[in-house]
$ cat final.txt   # compact mmCIF, C-alpha atoms
# COMPACT_ATOMS: atom_id res chain seq x y z
CA MET A 1 72.71 86.06 92.17
CA PRO A 2 75.27 83.96 94.08
CA ARG A 3 75.81 84.74 97.74
CA ILE A 4 78.84 84.55 99.96
CA GLN A 5 79.48 84.62 103.70
CA THR A 6 81.94 87.28 104.77
CA GLU A 7 83.21 88.14 108.21
CA CYS A 8 83.27 91.90 107.59
CA PHE A 9 79.97 92.36 105.79
CA GLY A 10 77.88 89.31 106.67
CA GLU A 11 76.16 87.48 103.81
CA ILE A 12 76.35 89.42 100.56
CA GLU A 13 75.35 88.96 96.95
CA PHE A 14 77.93 89.32 94.24
CA LEU A 15 78.12 89.30 90.46
CA GLU A 16 79.88 86.40 88.76
CA SER A 17 81.66 89.02 86.67
CA SER A 18 83.32 90.45 89.80
CA VAL A 19 85.10 87.14 90.59
CA PHE A 20 88.77 87.06 89.64
CA HIS A 21 91.02 84.04 89.46
CA PHE A 22 94.51 84.21 90.92
CA PRO A 23 96.37 81.18 89.52
CA LEU A 24 99.29 81.70 91.94
CA GLY A 25 97.25 82.85 94.93
CA LEU A 26 99.03 85.63 96.83
CA PRO A 27 102.36 85.38 98.68
CA GLY A 28 101.40 83.93 102.08
CA PHE A 29 98.02 82.79 100.70
CA GLU A 30 99.05 80.49 97.86
CA ASP A 31 95.89 78.35 98.12
CA GLU A 32 93.51 81.29 97.75
CA ARG A 33 92.76 81.24 94.04
CA ALA A 34 89.50 83.18 93.75
CA PHE A 35 88.56 86.60 95.05
CA VAL A 36 85.54 88.77 94.58
CA PHE A 37 86.02 92.55 94.39
CA LEU A 38 83.48 94.52 96.37
CA ASP A 39 82.70 98.13 96.95
CA ARG A 40 80.34 98.79 99.84
CA PRO A 41 78.04 101.77 100.32
CA GLY A 42 79.81 104.68 101.96
CA THR A 43 83.30 103.22 101.83
CA ALA A 44 84.65 104.82 98.62
CA PRO A 45 87.44 104.92 97.56
CA LEU A 46 88.22 101.72 99.48
CA LEU A 47 87.69 98.42 97.68
CA PHE A 48 87.50 95.01 99.26
CA MET A 49 89.03 91.82 97.96
CA GLN A 50 87.13 88.99 99.58
CA SER A 51 88.23 85.36 99.34
CA LEU A 52 85.56 83.06 97.90
CA ALA A 53 86.92 80.12 99.89
CA THR A 54 87.58 81.74 103.28
CA PRO A 55 84.90 84.04 104.80
CA SER A 56 87.40 85.56 107.26
CA LEU A 57 89.90 86.54 104.55
CA CYS A 58 89.36 90.00 103.14
CA PHE A 59 91.88 92.60 102.04
CA ILE A 60 91.31 96.35 102.00
CA LEU A 61 92.49 97.89 98.74
CA LEU A 62 92.96 101.39 97.42
CA PRO A 63 93.11 102.16 93.69
CA ILE A 64 96.82 102.70 93.12
CA LEU A 65 96.33 106.09 91.46
CA ALA A 66 94.44 107.31 94.56
CA VAL A 67 97.63 106.65 96.54
CA ASP A 68 100.13 107.86 93.94
CA ALA A 69 98.69 109.66 90.90
CA ALA A 70 101.99 109.20 89.04
CA TYR A 71 102.32 105.46 89.72
CA GLU A 72 104.02 103.56 86.91
CA LEU A 73 103.15 99.89 86.63
CA THR A 74 105.76 97.65 85.04
CA LEU A 75 105.31 93.95 84.32
CA ASP A 76 107.93 91.41 83.33
CA GLU A 77 107.22 88.87 80.58
CA GLU A 78 106.08 86.16 83.01
CA GLN A 79 103.68 88.46 84.82
CA ALA A 80 102.23 89.76 81.55
CA ALA A 81 101.78 86.21 80.23
CA LEU A 82 100.00 85.10 83.39
CA LEU A 83 97.65 88.06 83.12
CA GLY A 84 97.06 87.44 79.41
CA LEU A 85 98.52 90.81 78.43
CA SER A 86 100.91 91.57 75.59
CA GLU A 87 101.78 94.98 76.99
CA LEU A 88 104.49 95.28 79.70
CA ARG A 89 103.22 98.71 80.69
CA PRO A 90 99.45 98.25 80.71
CA ARG A 91 97.32 101.33 81.18
CA ILE A 92 95.87 101.47 84.68
CA GLY A 93 92.07 101.69 84.56
CA GLU A 94 91.94 100.84 80.84
CA ASP A 95 93.82 97.55 80.41
CA VAL A 96 94.02 96.55 84.06
CA LEU A 97 92.69 97.32 87.49
CA CYS A 98 95.62 98.10 89.76
CA ALA A 99 95.22 98.50 93.51
CA ALA A 100 97.39 98.54 96.62
CA ILE A 101 96.73 96.32 99.63
CA VAL A 102 96.24 98.45 102.73
CA CYS A 103 97.56 97.43 106.12
CA ALA A 104 95.17 99.29 108.41
CA ALA A 105 97.43 99.50 111.47
CA ARG A 106 99.67 97.15 113.34
CA GLN A 107 99.35 99.31 116.47
CA PRO A 108 96.59 101.85 117.28
CA ASP A 109 99.04 104.77 117.02
CA GLU A 110 100.54 103.65 113.71
CA VAL A 111 99.79 105.21 110.36
CA PRO A 112 98.00 102.91 107.91
CA THR A 113 100.18 101.93 104.97
CA ALA A 114 99.70 100.77 101.39
CA ASN A 115 101.90 98.22 99.65
CA LEU A 116 103.08 99.94 96.46
CA LEU A 117 105.86 97.39 95.95
CA ALA A 118 103.39 94.60 95.23
CA PRO A 119 100.15 95.92 93.70
CA VAL A 120 97.22 93.67 92.90
CA VAL A 121 96.84 93.74 89.12
CA VAL A 122 93.75 92.36 87.44
CA ASN A 123 92.98 91.90 83.77
CA PHE A 124 89.25 92.44 84.10
CA ARG A 125 88.55 91.37 80.53
CA GLN A 126 89.91 87.89 81.23
CA GLY A 127 89.04 87.72 84.93
CA VAL A 128 92.58 86.88 86.00
CA GLY A 129 94.75 88.58 88.60
CA MET A 130 98.00 88.44 90.51
CA GLN A 131 100.12 90.41 92.92
CA ALA A 132 102.73 91.84 90.56
CA ILE A 133 105.87 92.67 92.54
CA GLN A 134 107.57 95.69 90.98
CA PRO A 135 111.25 95.63 90.01
CA GLY A 136 113.91 97.69 91.74
CA ALA A 137 113.54 99.71 94.93
CA ARG A 138 111.32 102.47 93.57
CA TYR A 139 108.16 101.69 95.52
CA SER A 140 107.74 101.00 99.23
CA HIS A 141 105.87 98.06 100.73
CA ARG A 142 104.83 100.42 103.54
CA HIS A 143 103.83 103.66 101.88
CA PRO A 144 102.22 105.77 104.65
CA LEU A 145 98.65 106.98 104.07
CA PHE A 146 98.00 110.39 105.54
CA GLY A 147 94.64 112.05 105.90
CA ALA A 148 93.92 115.02 103.66
CA GLU A 149 93.92 117.39 106.66
CA GLU A 150 97.39 116.22 107.69
CA ALA A 151 98.76 116.87 104.20
CA VAL A 152 97.79 120.54 104.25
CA PRO A 153 100.75 122.60 105.46
CA CYS A 154 100.24 125.19 108.20
CA SER A 155 100.08 128.72 106.84
CA MET B 1 128.58 92.80 104.98
CA LEU B 2 131.13 90.76 103.09
CA VAL B 3 131.73 92.17 99.63
CA MET B 4 133.25 90.05 96.89
CA ARG B 5 133.97 90.70 93.23
CA ARG B 6 133.06 87.91 90.81
CA ARG B 7 132.99 87.55 87.03
CA ALA B 8 130.45 85.63 84.94
CA GLY B 9 131.15 81.92 85.30
CA GLU B 10 132.73 82.27 88.75
CA SER B 11 131.00 81.06 91.88
CA PHE B 12 131.24 81.10 95.66
CA LEU B 13 130.04 78.94 98.53
CA VAL B 14 127.84 79.79 101.52
CA GLY B 15 128.26 76.70 103.67
CA ASP B 16 127.25 73.89 101.32
CA ILE B 17 125.37 76.18 98.97
CA GLU B 18 127.01 77.16 95.72
CA ILE B 19 126.04 80.40 94.03
CA GLN B 20 127.32 80.96 90.51
CA VAL B 21 127.24 84.15 88.49
CA LEU B 22 125.86 82.96 85.16
CA GLU B 23 125.45 86.20 83.26
CA VAL B 24 126.05 89.89 83.86
CA GLY B 25 123.87 92.28 81.87
CA GLY B 26 123.40 96.04 81.89
CA ARG B 27 121.21 96.22 84.98
CA ARG B 28 120.69 92.59 85.90
CA VAL B 29 122.72 89.66 87.11
CA LYS B 30 121.68 86.07 86.47
CA LEU B 31 122.59 83.72 89.31
CA GLY B 32 122.53 79.94 89.61
CA ILE B 33 122.04 78.39 93.05
CA ARG B 34 122.93 74.81 93.94
CA ALA B 35 121.38 73.92 97.30
CA PRO B 36 119.64 70.97 99.01
CA GLU B 37 116.07 70.58 97.79
CA SER B 38 114.73 70.97 101.34
CA MET B 39 116.09 74.51 101.50
CA ALA B 40 113.63 77.28 100.66
CA ILE B 41 115.06 79.89 98.33
CA VAL B 42 112.84 82.95 98.17
CA ARG B 43 113.38 86.32 96.55
CA ARG B 44 113.58 88.98 99.24
CA GLU B 45 110.69 91.04 97.86
CA VAL B 46 108.42 87.97 97.82
CA GLN B 47 109.21 87.36 101.48
CA ILE B 48 108.47 91.03 102.29
CA THR B 49 105.18 90.83 100.39
CA GLU B 50 104.22 87.63 102.19
CA SER B 51 104.69 89.14 105.64
CA GLU B 52 102.96 92.36 104.56
CA ASN B 53 99.97 90.36 103.22
CA LEU B 54 99.70 88.43 106.48
CA ALA B 55 99.76 91.68 108.49
CA ALA B 56 97.20 93.30 106.16
CA ALA B 57 94.79 90.34 106.38
CA GLU B 58 95.16 90.33 110.16
CA SER B 59 94.39 94.07 110.38
CA VAL B 60 90.96 93.93 108.72
CA SER B 61 87.74 94.28 110.71
CA ARG B 62 84.52 96.25 110.33
CA GLY B 63 85.65 98.79 112.96
CA VAL B 64 89.02 99.23 111.27
CA ILE B 65 87.34 100.06 107.94
CA ASP B 66 85.30 102.86 109.56
CA SER B 67 88.25 104.33 111.44
CA LEU B 68 90.40 104.10 108.30
CA LEU B 69 87.85 106.12 106.31
CA SER B 70 87.61 108.83 108.94
CA ARG B 71 91.37 108.93 109.49
CA LEU B 72 91.99 109.34 105.78
CA GLY B 73 89.47 112.18 105.68
CA TRP B 74 87.22 110.36 103.22
CA ARG B 75 84.15 110.38 105.40
$ encode --input "final.txt" --output "structure tokens"
Amino acid sequence: MPRIQTECFGEIEFLESSVFHFPLGLPGFEDERAFVFLDRPGTAPLLFMQSLATPSLCFILLPILAVDAAYELTLDEEQAALLGLSELRPRIGEDVLCAAIVCAARQPDEVPTANLLAPVVVNFRQGVGMQAIQPGARYSHRHPLFGAEEAVPCS
Amino acid sequence: MLVMRRRAGESFLVGDIEIQVLEVGGRRVKLGIRAPESMAIVRREVQITESENLAAAESVSRGVIDSLLSRLGWR
């Protein structure tokens, strides 16, 4: 099994089938064209998107439906073509993997946020992915993530 | 903010940059931009995503992952 150096997890083994190609990179990381998706013991539901080229580059992801169970993914023709999909509203979890990049915290007292404006969308059958910016102003790029205990109202 | 009404085919100038309204549809407007090649023209949401990606990549460390899990109540 191939191995990779990572800053967060040290040297790890990965499956070739968990490597996804990003022909456009990501905004701000245009040269990063290959990522491996990892889940680590005890870190569910978080996922990790580790660059194959840069050991220090790793994104924390959350499955989009874990953040917003009613999330509606919409692709334009160009995005669908890049992902090798004919459907502009692919089914999350069936046609594509769709996850939000988490920004853990800019400051210690800040709430972590998830980027729902620009989800990572992966066609896992073809091994190709992109960050598919959503149209309109429906979804926030800084959707706050609250802990379950904070979401329970006082009775 | 300066607000201006334009029809399809009409244009306006921002300094040396010409922006022309090419087509007006139901919910979308198609614009043409004539600007020096050296000038970066970026959609606003791409710029937002870029800075958010940089902040997200910067925020990751082993300690952050553990504190994130406990803060979210998933551990």
$ closest_atom_pairs --input "final.txt" --of "chain A" --to "chain B" --cutoff "9 Å" --atoms "all atoms listed in the file" --output "CSV"
residue,atom,partner,partner_atom,distance
A:Glu7,CA,B:Ser61,CA,8.0
A:Cys8,CA,B:Arg62,CA,5.3
A:Phe9,CA,B:Arg62,CA,7.5
A:Leu26,CA,B:Glu50,CA,7.7
A:Pro27,CA,B:Glu50,CA,4.6
A:Gly28,CA,B:Glu50,CA,4.7
A:Phe29,CA,B:Glu50,CA,8.0
A:Gly42,CA,B:Arg75,CA,7.9
A:Thr43,CA,B:Leu69,CA,7.0
A:Ala44,CA,B:Trp74,CA,7.6
A:Pro45,CA,B:Trp74,CA,7.9
A:Leu46,CA,B:Leu69,CA,8.1
A:Ser56,CA,B:Ala57,CA,8.8
A:Leu57,CA,B:Ala57,CA,6.5
A:Cys58,CA,B:Ala57,CA,6.3
A:Phe59,CA,B:Ala57,CA,5.7
A:Ile60,CA,B:Val60,CA,7.2
A:Ile101,CA,B:Ala56,CA,7.2
A:Val102,CA,B:Ala56,CA,6.3
A:Cys103,CA,B:Ala56,CA,4.1
A:Ala104,CA,B:Ser59,CA,5.6
A:Ala105,CA,B:Ser59,CA,6.3
A:Arg106,CA,B:Ser59,CA,6.8
A:Pro112,CA,B:Leu68,CA,7.7
A:Asn115,CA,B:Glu52,CA,7.7
A:Leu117,CA,B:Thr49,CA,8.0
A:Ala118,CA,B:Thr49,CA,6.6
A:Ile133,CA,B:Glu45,CA,7.4
A:Gln134,CA,B:Glu45,CA,8.9
A:His141,CA,B:Thr49,CA,7.3
A:Arg142,CA,B:Glu52,CA,8.3
A:Leu145,CA,B:Leu72,CA,7.3
A:Phe146,CA,B:Leu72,CA,6.1
A:Gly147,CA,B:Leu72,CA,3.8
A:Ala148,CA,B:Gly73,CA,5.7
A:Glu149,CA,B:Gly73,CA,6.9
A:Glu150,CA,B:Leu72,CA,9.0
$ residues_around --input "final.txt" --residues "Ile19 of chain B" --least-positions-apart "6" --cutoff "6 Å" --atoms "only C-alpha atoms" --output "list in words"
Ser11, Phe12, Gly32 and Ile33 of chain B
$ closest_residue --input "final.txt" --among "A:Gly127, A:Gly136, A:Pro108, A:Gly84" --to "Ser17 of chain A" --atoms "only C-alpha atoms"
A:Gly127
$ closest_residue --input "final.txt" --among "A:Asp39, A:Glu13, A:Glu30, A:Glu94" --to "Val121 of chain A" --atoms "all atoms listed in the file"
A:Glu94
$ atom_distance --input "final.txt" --atom1 "atom CA of Pro90 of chain A" --atom2 "atom CA of Phe37 of chain A"
20.0 Å
$ atom_distance --input "final.txt" --atom1 "atom CA of Leu73 of chain A" --atom2 "atom CA of Val128 of chain A"
16.8 Å
$ residues_around --input "final.txt" --residues "Pro119 of chain A" --least-positions-apart "4" --cutoff "6 Å" --atoms "all atoms listed in the file" --output "list in words"
Ala99, Ala100, Gln131 and Ala132 of chain A
$ atom_distance --input "final.txt" --atom1 "atom CA of Arg28 of chain B" --atom2 "atom CA of Glu72 of chain A"
20.0 Å
$ closest_residue --input "final.txt" --among "B:Leu31, B:Glu37, B:Val42, B:Leu22" --to "Ala8 of chain B" --atoms "all atoms listed in the file"
B:Leu22
$ closest_residue --input "final.txt" --among "A:Leu62, A:Leu38, A:Gln107, A:Arg33" --to "Leu15 of chain A" --atoms "only C-alpha atoms"
A:Leu38
$ closest_residue --input "final.txt" --among "A:Phe14, A:Thr6, A:Leu83, A:His21" --to "Gln50 of chain A" --atoms "all atoms listed in the file"
A:Thr6
$ residues_near_point --input "final.txt" --point "(102.1, 102.4, 106.2)" --cutoff "6 Å" --atoms "only C-alpha atoms" --output "PDB file with C-alpha atoms, in the frame of the given file"
ATOM      1  CA  VAL A 111      99.790 105.210 110.360  1.00  0.00           C
ATOM      2  CA  PRO A 112      98.000 102.910 107.910  1.00  0.00           C
ATOM      3  CA  THR A 113     100.180 101.930 104.970  1.00  0.00           C
ATOM      4  CA  ALA A 114      99.700 100.770 101.390  1.00  0.00           C
ATOM      5  CA  ARG A 142     104.830 100.420 103.540  1.00  0.00           C
ATOM      6  CA  HIS A 143     103.830 103.660 101.880  1.00  0.00           C
ATOM      7  CA  PRO A 144     102.220 105.770 104.650  1.00  0.00           C
TER       8      PRO A 144
END
